Structures are given as C-alpha cells and as structure tokens.
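Participant: Following this message is one structure expressed as structure tokens.
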Amino acid sequence: MAPVRRLEGDPVRVYEEESDCFTLEVVHGGFFVGSGSNRAYVDGTKVCYDDCECDSWSALWLEDMIENLGYEAAGRIDVYWLLPGMQINEDGLRLINSDKDAWSMVCKVKDGHRYLMIYLDHEPANKRNAWDDVVHNPVAYLPAVISPVKKCGTVSKAIVEVHDPQGIESSLPVTESIGRRRSNRHAAVESDGEGGTDSDKDEDYVPDIIDSDNDIEDGDNDLYQQFADHEPMDEKVFEGDVSEDEFFEPGDSDEESDRFKNFKAFMPGDMIDPKFQIGQKFESTNQLKAAIRQHSCKHRKPIKFPKNDKTRVLAKCEPGCPWELYASWDSRTKSFVVKRYETKHTCEGKWQVRAFSARYIGKHYVEEIRANEKITLKGLAQLVQRDWKMTPKRGKLGRARKYAFEIIYGDETAQYNQLWDFGQELRRSNLGSTFFLLLDDVGHFKRCYFSFDACKRGFLAACRPIIFLDGCHLKTKFGGILLTAIGMDPNDCIFPVAFAIVEVENTSSWKWFLTALKQDLGIDNTAPWTIMSDKQKGLIKAVTELFPDSGHRFCVRHLWQNFNKNFKGEALKNQLWKCARSSTVGKWQENMDVMLVLSKTAHDWLEELAPSTWVRAFQSEFPKCDVLLNNNCEVFNKYILEARELPVLAMIMKIKCQITTRIYNKQVEGLSMSGTICPKIRKKLQKHVEWSNNCEAKPSGQGIFEILERGTPYIVDLQKRTCSCRRWDLSGIPCWHACSALRNDKNSPESYVSDCYSVEKFNKAYENIIWPCRDVKEWEKVDGMTIKAPQIVKKVGRPQKNRRKQPEEKEGKNGQKKMSKHGSIIHCSYCGLVGHNKGGCLDYKLGVVPNKETKKKVRAEPDVSDDDLEDVPLVTKVNQLHTMTFVQKDTHSYEPEMLNQLIAKVSSVSMFGPCTQREAAEKGPLPDCAFIQENVLNQQPVQQTTITKEGNLLRKRQVLAAAKLKAAAHNRDVVDQAKFDAAMAKLQQEEELRAQAAETKKLEALARKKASEEKKKTEREAKQLAAEERKLANAEKKKKAQEEKLVAAQQKKLDLEARKKEAQEAKLALAEKRRLAQATRKQEIEEAKRKEEEDARNYANAQKLKRGEEARQKAWEEHLAAQSLRESNDKDLEARNAAWQEKKRVAQPVGMVKQKGASWQGSNSYNTTPYKKPRKASMFDYLKGSPPGCDNATPHEYTPDEQQ
C-alpha cells in the first residue's frame, strides 16, 4: 500500500504494536543555515505521510514524495534523515543516497520509532559555499543585488571579504542566483538580530549595486517578507499583454525550470486578509474560493464566480469593475495556480454581499459564541457591524448562531447514532457506570438511562435513604423529558444519582425509570426508603407498584398551587403551611380545626389527602429528613438549564462535566470544613440554641428532662435522642428543647447531632471522582443498530423555552412583583351574583330591584405567627408506639453503608427496648415474651389516621360549635354559664339528630350505590352483548370483504394476463413491421448506393473522355502553331537564300560559270553552291504528320482508332 498524505485537520495516526507501518514527516521549502550547534532549517513547511510500510520502503518512495510535493528530485534536492531522539544541531542528520540508507530508517522503525522526519535541501552541498551563515561574531552581509532580475541565470561574480571568527580574512566568490540571495538575506537578518552594530554593517558591507527602494535597513519589513518568502519572478509576468500560457511554458534550461518550484503557497494564516498575486498556489478550489469570499467580505465587494468547476475558477466583481482573478490546475506544481489577476477595484463597497452568509458568520464568531452561549441576536449584530461594517438581517443571525452551536456541539440528529460509542466509552473510563438505550422497532431513539459510578457510591455510602424524583422538559426540536433522581448530601445539598431521557412523562416511562433505578442501586427491600416527588402524571402509580413499602411524600409547594386554584387568600395559605409543619398529631388537629373555622370546603379538601404524604406528624423518623419541598430537583433542573437546550449527546456530556466539577469543588470544600458537622447543619443548630433561651429545663434523671416553653411541657430523652415535639426525631438535629436540656447538662449540642451530618460523611460522599472521557475520535466503535433521531411532532407556534410562571411570580413593567387577576372571582355590586360586574348585570339594565339580603360580615382572623411559637394545643397528642426493622439483602456490588447504619441505630435504640443503664436501675415485673418483641420489631408501622370509632364528623361539629360559642361569648351574646350549658345541651341534641340523619343518609347512599352497581352491571352486560354482535358483524363483513377482494384480485390477474398477451402480440407485430421496414429501407439504401456508384462511374468516364478530347485539341492547336511557325521559317529561309544567291551572283566574276559535272578551275575558284546538311528524324515528325526528311509534306491524317 502506498503512503497516504495527511490532509490538514486530520488526526494523528496511531499504530498497533504488531503493525509494521510508520509516519514520515517531510519538511520542505526551506534551507539550512549555520553549522554545528548553530545549524538550523529555516522557512520550512511540514507535510506528513501515513501508512508507510517497512517491507516495501525504499529510496524510490522518497522520490515519489518529492515529485508529489512539486519538486524535481533528480540531482537537484538532497534528502536528510533526522535520527530519532536527536536534533539538527546535534549532528543528527544523515544523507539518503540509496536503498541501504532507506533501510536504516526501517531498522529504527523495528526498534519502536513510528514517527520519522526528513528534510529536503533545495540547494545541495556541491552548489553551496562551504562557510557558516551563522557565526559567533555576526557579520552583516547583504547580497550585491536584492531586487528582482529579468532572468534567473547566473550573473557576474563579486569578491566579498568575509571575516571569520578567528580573524582570518578570506575571499569568497558570491554567485548571484535567486536561491543564494535568499539565504544571504536570511543570514543578514540573523546577524542583525544578534546584536551587530551599525558600524560593523558599514565596514563589512560591499555596496556593488544598491537598490534603495528595497533596502532592509530602511525598515521595509514587508518588502523583506515579499522577496524572502518566494523566488522573484520574471517582470514580464506582470505585463498585461502577455498571456498566461506564454509565461507558464516550461523553459529549456535548468534555471527556467527552477523558478516553478518555489511559487508562494497560500498559507492558512493569510486567510485573515488574503493578498493575491500571479503564480500563487492553492491546495484546492475550496481554499481558493474561501480566500476570495474572505476578500469579498473584508472589502464589501460583490464578487461572483462565472466559471467554477474542478479544474478552474474565475472570479469577477460587478459589471464595470476591472477586478478579476483566474486560477486553474497546474500539472507541474500539482496545485491550483493564479494565472491572471487584476488587482484594481473601481466599485464602492456594498452594505450586503452574498459571500457574507450565515455559515460564514457562524464560523467566524464560533469562539465568541462558545465563550458567551447566551449571546443575543442584538449583541451578535453589534459585533458583526463593528467588525464588518454590515448589518445582516435577524433571520440570518439566528441561522449563524445555530450553525455555530452545531460546530461547538455537533449535529443534533447525528449525535443520536453516537450514543452507542459514548456508552462504551463511559463504561470504559468509569467502571460501574450505567448506560443503556431503548429503541423502537425501526431504530428510532425512545429512552435512555445513565448514571455515574461515583454518584452511586457516594449516595449509598453517605447520603440518607430519601430520593427526590422530578422531570423537566428538553428544549430541542426533538423534545423529550429528562427524569432525574436526586439525593441529599450530609450538608443538605443536592446529590445527583441517576437520569433518564424519555419521550413523554407517563406511567410507563416512570415505571421504566424506577425499575432501572432499583436494579442500579440494588434496592431489594423498599421499606427503609422514602420517595419525595410532585404529583406528576403516572408517578404515584409507578411508586406504589415498585416501592410498595416506601413512604411517599408530596411537595407542599405544588400542593398549595393546586389548593390555591380553589381556595385563595393569605390566611388560608399560611394555615395550610401550619398544618404541613405540624410535627405532632395534636398540633395537626389543632391547626386543622382552625382551617375548619376559616373555610369548611378547604378543610374537607385537605381531609381527602393522606396526611402521611404532606404532614410531618405522620411521616417516618427513619430517614432523618423533615423536608416538605421537592426543591432538590428544582435546583438541579435550574443547574442544568443550559444543558437542556443542547443536543442529546452534548447534553449528557455537559451534565457529566458539571457533576464532575461539582464533585471536585465539594472535595475542596470538605477540606476547608472545620469541626465535626457540616456548615449548614451548624447554622441550624445555632438557631436552635438561640431559641432555647425561652425554655426552662427540669431534669428528671437518667437523661430525661421536662422542658417548659411558655407554659407548654415537652419531654426530652438525651439517651434515646428524642423529644416529644418530634423535631429531633424527624431531622436528627437537636431541637431547642433538647438544646435547653443539653445546656443544663453541660453537653455540647454538636455531639448529639446525627452522624449523617458529619464532615466525615460529607468527605466520604464526594471521595469518588468521575473520570474524563477521551476525544470522540478515540472512542471505541460499537457495532449496534443505527440509532435514528426521534420522530418530530411539530407543534403550532414557536417552541416554548421559559417555564410557565405562577400569578404571584409574574413581574410588572418596572421589574416589581405583580399579582395577576387570573382566576379571581368577581361579584356584582348590584345583584350580588357571581360571574359579572355591574356593567354586565342584566337586572341593572332592566331596572329590576335586586333581591339580596344584607348580612353582617364577620371575618375570623387566624394567628399567622410561626408555628414554633404557638399556644398550647387544644387536643392532646395520641401516643402510638411503633417501630420497624428493615432487612436488605446483599445482592449488589454497592454497599448502602449509610442505610445500614440507620437500620442498626433503629434496631439498637427502640421504644420497646430500653437501654442497659435503665434495666439495671429499674426493677419491675418480668419482661414480655421475647418472640413477641422480636416480631414486633419486624412488623410494619401502623399508619396514623384521623378516622376513629366515633367518626370524625362529630368531632368537626363539636369544634365548630365550640368556636362559634367562643366567638359569641366574646361578643357578649352569652352572659352566664347556664345559658352556655343549655346551648351545649341543645347542641348535643342537634348533633344526635344530625348523626341519625347522617346514618339514614348513609344507608340511602349505600342503597343508591347498590342500585347503581346493579344498573352498571346490566349496562355492562348489554354493552358486552352489543360488542359481541358488533364483533360477529365485523367478522362477517371482514370475511365478505376478503372474498370480494379475492375475486377482484383473480379478475385483476386475468385482466393483467390478457393485457400482457395483447401487449406481447402487439410487440411481435410491431417487431415484424419494423423488420419489414428495415429490410425495405436497406434495399432502398443499396439501390441508391448502386445508382450512385453507376452515376459516379459514368461521370468518371465522361470526365476521362473530356480530358482526352481536350488533350487532342490542345495537341492539334500546338501542331498548327508549329506548322505555321515552320512555314514562316521556310519563307524566311527562302528569302535569305534568294538574297544570298543574289549576293553571290553579283559577287561572281564574269566568265566563271560552273559547268555541270565539272569543278572550278583556277586557284581562286570556289564552289558557290550552298550546302544543306540533312537533319535527323525527330519524334515530333510523326506528331506533325510529316515523314522524316519531308519538311513540306502535308499533315498526317489520324484514323478514328488513333483518335480514340
């Protein structure tokens, strides 16, 4: 397998021990400076290649990597390998020239080094001067030319004197190449940074050629960055009349090819304010388009992309603006290169640009939103306007904030499928923690239960056996309910135990949660446990089934909210709380009598409630908790309010983080605690000590005291740690009566506080920690069913996030509390009826005189003082002795230490079993049967009730009558005792009559109830018969419909077959028709082709005849022309011969006439007859038609065959 290049942002590859792969980090684009301990590699860029295999590793892979980076490896780049554990300045570099050197790298991998590093030297040693760029005594050296040049070739050499550290001067030739100038420039800058003076620079610098515009000493650091980071380009690149292809054509020489290796690459840091230039390289089109969009937003320019594909990008500004950028893929650099760029903008900035999208805003301000998750859209708009001078619309800002939350917490839908992995990671990092899911049949998320091991151990080890249950809504688009189980730590603060996410709050979900909670905590015996909750939907039934022996308390605040719907008024509210705070049965009866006087309907409404659910007097003393409110759950729900707005996995992790931080803070708090009890308990105890100043203690011996508080006696037993007011028994904190006795006995009150409030228990509750989880990328993948998000039930309107406030919680315009009139009952001032006022009264409009009686209003104002300072009760306390012992099986890995201690304490200190000291002091009859005592200890407690043998109705009447008589006596209507006794007798007689009437009414009610039951039974039987008849009718109807359905299906099948057959026949006919058409068409095509070939052949023959005729005609014309020329030549010859004959005749002497057959006589005689040499036969003679030697023959006549 080939090495894989790691992209930006990818995680670091982790290899297994048996793997033979390793990661190679390549540092390129820079250069080496210095030597020895001063050696360093400057301006390098790092690229990592993962999954390099040892078996196939060789030097060829290095060449492929170098070419992949855009360089040419052959003879131009040296590769150095850095030994593991060493540095560049420690002589740790090794040159790689062959496979043998590459195999030495594999040997290090076999030794356990999985991460190796190599450096690319773009200026090999054979081309580099052998002298140090960094010396102990810095030498300020600048190149002779630092401005861009026309060509990258070598210029003339200059001799520069360089002072070495030993003071020996040497002359070194300096080659003015681009790469050398860059290294020299860096050497000069390093020398400046090491403290060289101006005088040193002036005397060491040789100013052969000076370019003042680019002088570094003038402070142009930006010019230094411009020319030091990349190679200078040819000036013709910036000329507008040269195309991009002309410049980017590779040159023939090595110098021209070198310039393409070091184009300036766009770095991530340049994204803040992108600067473009021709030749700039980008990794991908996405990076290029992101930089262009950043430029568009930074300068508020409406830039668009007319061309945008995988290989090219063209960006233009609005019409009329010359700004333009074109980039495309370059095969030599293996990247996208800017090839055409116009920098000038002539348009003005816009107030809205398309690139400034919601995703862009959210990604840019993700850190600000992470730091302030409660940022409002108005605040976000102010940030955007300040930074970008643009004001997006509110909807775009909302989408931007949502996208930022997705970046921070992840996709809301995709997080459901990560719950398997999170559960495995939670169980791995926190052994003993619980996490399981419940899905529906198709894989949709339904329920989730989770708890942390540290919370469960701390709760069972040091917290009291009371569990607070509540549910709160999740504020996401999927909704849901978060069920919580909260405990109470030794400092009376919240202690989270377990959680569950359910779809809706009902009996099924509560049963599922409580079942999981029982199994998680190992609760087998539910008798020692106490449940505190509100009256949620289905919770009462679930607690009754799963915690049958546990005490179930209701929150009095929620009870008052229901009470306040029908019975309003501050007096009734205060009296309700007095009844709930009553710690004894007598005090409760007294407060209920006062409630009866205030409102009989309110009294009857409270009588219907079980007193053990809301009154302290009837609650168990075992859990040492006397709270009446479910504030623990309310506090925790407010504590995780921000987490409830997050996606499901982010919410769970947020809750885990909050609880982790809370445990750590509590550990720190526990170390700073002083004394033996917790701070909040000490504060309560100090308040009781102050209240004990109003009490008088009278010791009776053996730790028993009689305490008088404003004339009311209370009995305190210090050995049993009880008080007759039961406040000490319920809470475990000495009441003010006990504090008075302890002051008399010179004992410290803190030593009598229950151990469940000790600092030791507090530290034990928080001694376990929640271990953090690894990053999401490191989680173990669980092969489970794909979890889909819950189905969204869209509701009308905007999703509600704020809790519905009660009327007394609402605030006015100025922030003050304001009571609304919702639910108030109005009365008409004219007719006195309920439901309307005088303006809507019909009698008033008709002028009818109202028939209403005027009664004197007498309002009884109860005492609303604190119940702790009330008078002596009217009804004495009914003492009912009971106790119980709890046995819990050891069936769970968690040991409920606190619960075991409380059980042991109840078993050892019992009202039936006096202490050892009293047995030695008290002498009496024989004790009761041991078997009875043992069974009494294990029996269930007898629940208190207000119903007696005589009934509670008589008691109510007597109390009401006594209250009325007292009020009458106060008003001087009764003046003597006799009248009072007569009134009481009359009241007794009336009460008997009422009792008889009530009995008769009760019998009549029973008869009516029996008749109603009979009627209901008859109706139920009739309904059952009707249901059976309907069932039979439905079955018959269903059977008939099934038969009709079968017939219809059969008919449909026949019709389908017929249509199929018809379609097949039609298809065959169509195919035959097409075949015939194709054959006809083919024949026509062949006929046309044959005709076309014949026409072409005839045309060719005609053209051939035409060309032959034209050739013969041309030859004949040439023959005629030649014959005419020959005739003219003959005429000329004849004329010349005639002229010559004439000339000869004239020149001949007289008497010299040549005779035939005789020769000339005499020495001066000569032959004057002209001689004509016979010519040779020519090939043209036949063409002209004359035989050879016949010049004046007639033309040859051609036969038809010769003409053809």
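To be explicit about the labels: the chains of the structure tokens are called A, B, and onward in the order shown, and within each one the residues are counted from 1, while ligands get numbers from 1 in the order they are shown.
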Identify, on the basis of only C-alpha atoms, every residue whose closest approach to region 55-72 of chain A does not exceed 10 Å; exclude the query and any residue fewer than 2 positions from it along the same chain; express the result as a PyMOL selection string.

Facilitator: chain A and resi 1-3+5+20-21+24+26+28-29+47+49+52-53+74-77+79+96-103+105-106+118+120+122+257-258+260-262+331-335

Participant: DSSP on the backbone: what in region 547-704 of chain A comes out helix (DSSP H, G or I), as number ranges by chain?

Facilitator: A: 556-566, 570-581, 585-598, 600-607, 611-613, 616-618, 631-639, 643-645, 648-672, 679-694

Participant: If you run DSSP on the backbone here, which positions in region 519-723 of chain A get strand (DSSP E)? Please write them as a list in words.

Facilitator: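 Filtering region 519-723 of chain A to strand (DSSP E) leaves Thr530, Ile531, Met532, Ser533, Gly551, His552, Arg553, Phe554, Cys695, Glu696, Ala697, Lys698, Pro699, Ser700, Gly701, Ile704, Phe705, Glu706, Ile707, Leu708, Glu709, Thr712, Pro713, Tyr714, Ile715, Val716, Asp717, Thr722 and Cys723 of chain A.
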
Participant: Quick one, how far is CA of Glu634 (chain A) from CA of Arg557 (chain A)?

Facilitator: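 Result for CA of Glu634 (chain A) versus CA of Arg557 (chain A): 11.5 Å, one decimal.
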
Participant: Go through A:Val543, A:Ala265, A:Asn694, A:Val648 and flag the residue nearest Tyr409 (chain A), using only C-alpha atoms for the distances.

Facilitator: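 Closest to Tyr409 (chain A) of all the choices is A:Val648.
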
Participant: Which residue out of A:His113, A:Ala516, A:Arg727, A:His552 has the minimum interatomic distance to Arg581 (chain A) when only C-alpha atoms are used?

Facilitator: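 Of the candidates, the smallest distance to Arg581 (chain A) is held by A:Arg727.
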
Participant: Sort by chain and increasing residue number a table of all residues of region 502-552 of chain A within 12 Å of region 419-436 of chain A, each with its closest pair of atoms and their distance in Å to one decimal, counting only C-alpha atoms, and write it as a Markdown table.

Facilitator:
| residue | atom | partner | partner_atom | distance |
| --- | --- | --- | --- | --- |
| A:Trp512 | CA | A:Phe436 | CA | 11.9 |
| A:Phe513 | CA | A:Phe436 | CA | 11.4 |
| A:Ala516 | CA | A:Thr434 | CA | 9.7 |
| A:Leu517 | CA | A:Thr434 | CA | 10.1 |
| A:Gln519 | CA | A:Thr434 | CA | 10.6 |
| A:Asp520 | CA | A:Thr434 | CA | 7.6 |
| A:Leu521 | CA | A:Thr434 | CA | 10.5 |

Participant: So the first atom is CA of Arg662 (chain A) and the second is CA of Lys684 (chain A); what is the distance between them in Å, to one decimal place?

Facilitator: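 Separating CA of Arg662 (chain A) from CA of Lys684 (chain A) is a distance of 23.7 Å.
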
Participant: Do a neighbour search on Pro465 (chain A) at 7 Å with only C-alpha atoms, toss out local chain neighbours closer than 5 positions, and write the hits as a CSV table (one decimal) with C-alpha atoms, in the first residue's frame.

Facilitator:
chain,number,residue,atom,x,y,z
A,528,PRO,CA,-36.3,1.9,54.5
A,529,TRP,CA,-36.6,4.2,51.5
A,530,THR,CA,-38.6,7.4,51.2
A,623,PRO,CA,-34.6,8.8,57.0
A,899,LEU,CA,-28.7,2.9,55.3

Participant: Using only C-alpha atoms, which of the listed residues (A:Trp736, A:Trp779, A:Tyr664, A:Phe32) sits closest to Gln418 (chain A)?

Facilitator: A:Trp779

Participant: Quick one: residues within 9 Å of Gln536 (chain A), only C-alpha atoms, excluding same-chain residues fewer than 4 positions away - as a PyMOL selection string?

Facilitator: chain A and resi 470-471+505-506+540

Participant: When you count only C-alpha atoms, which of these residues is closest to Ala738 (chain A): A:Glu750, A:Lys764, A:Gln1078, A:Ser692?

Facilitator: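 The answer is A:Ser692, which sits nearest to Ala738 (chain A).
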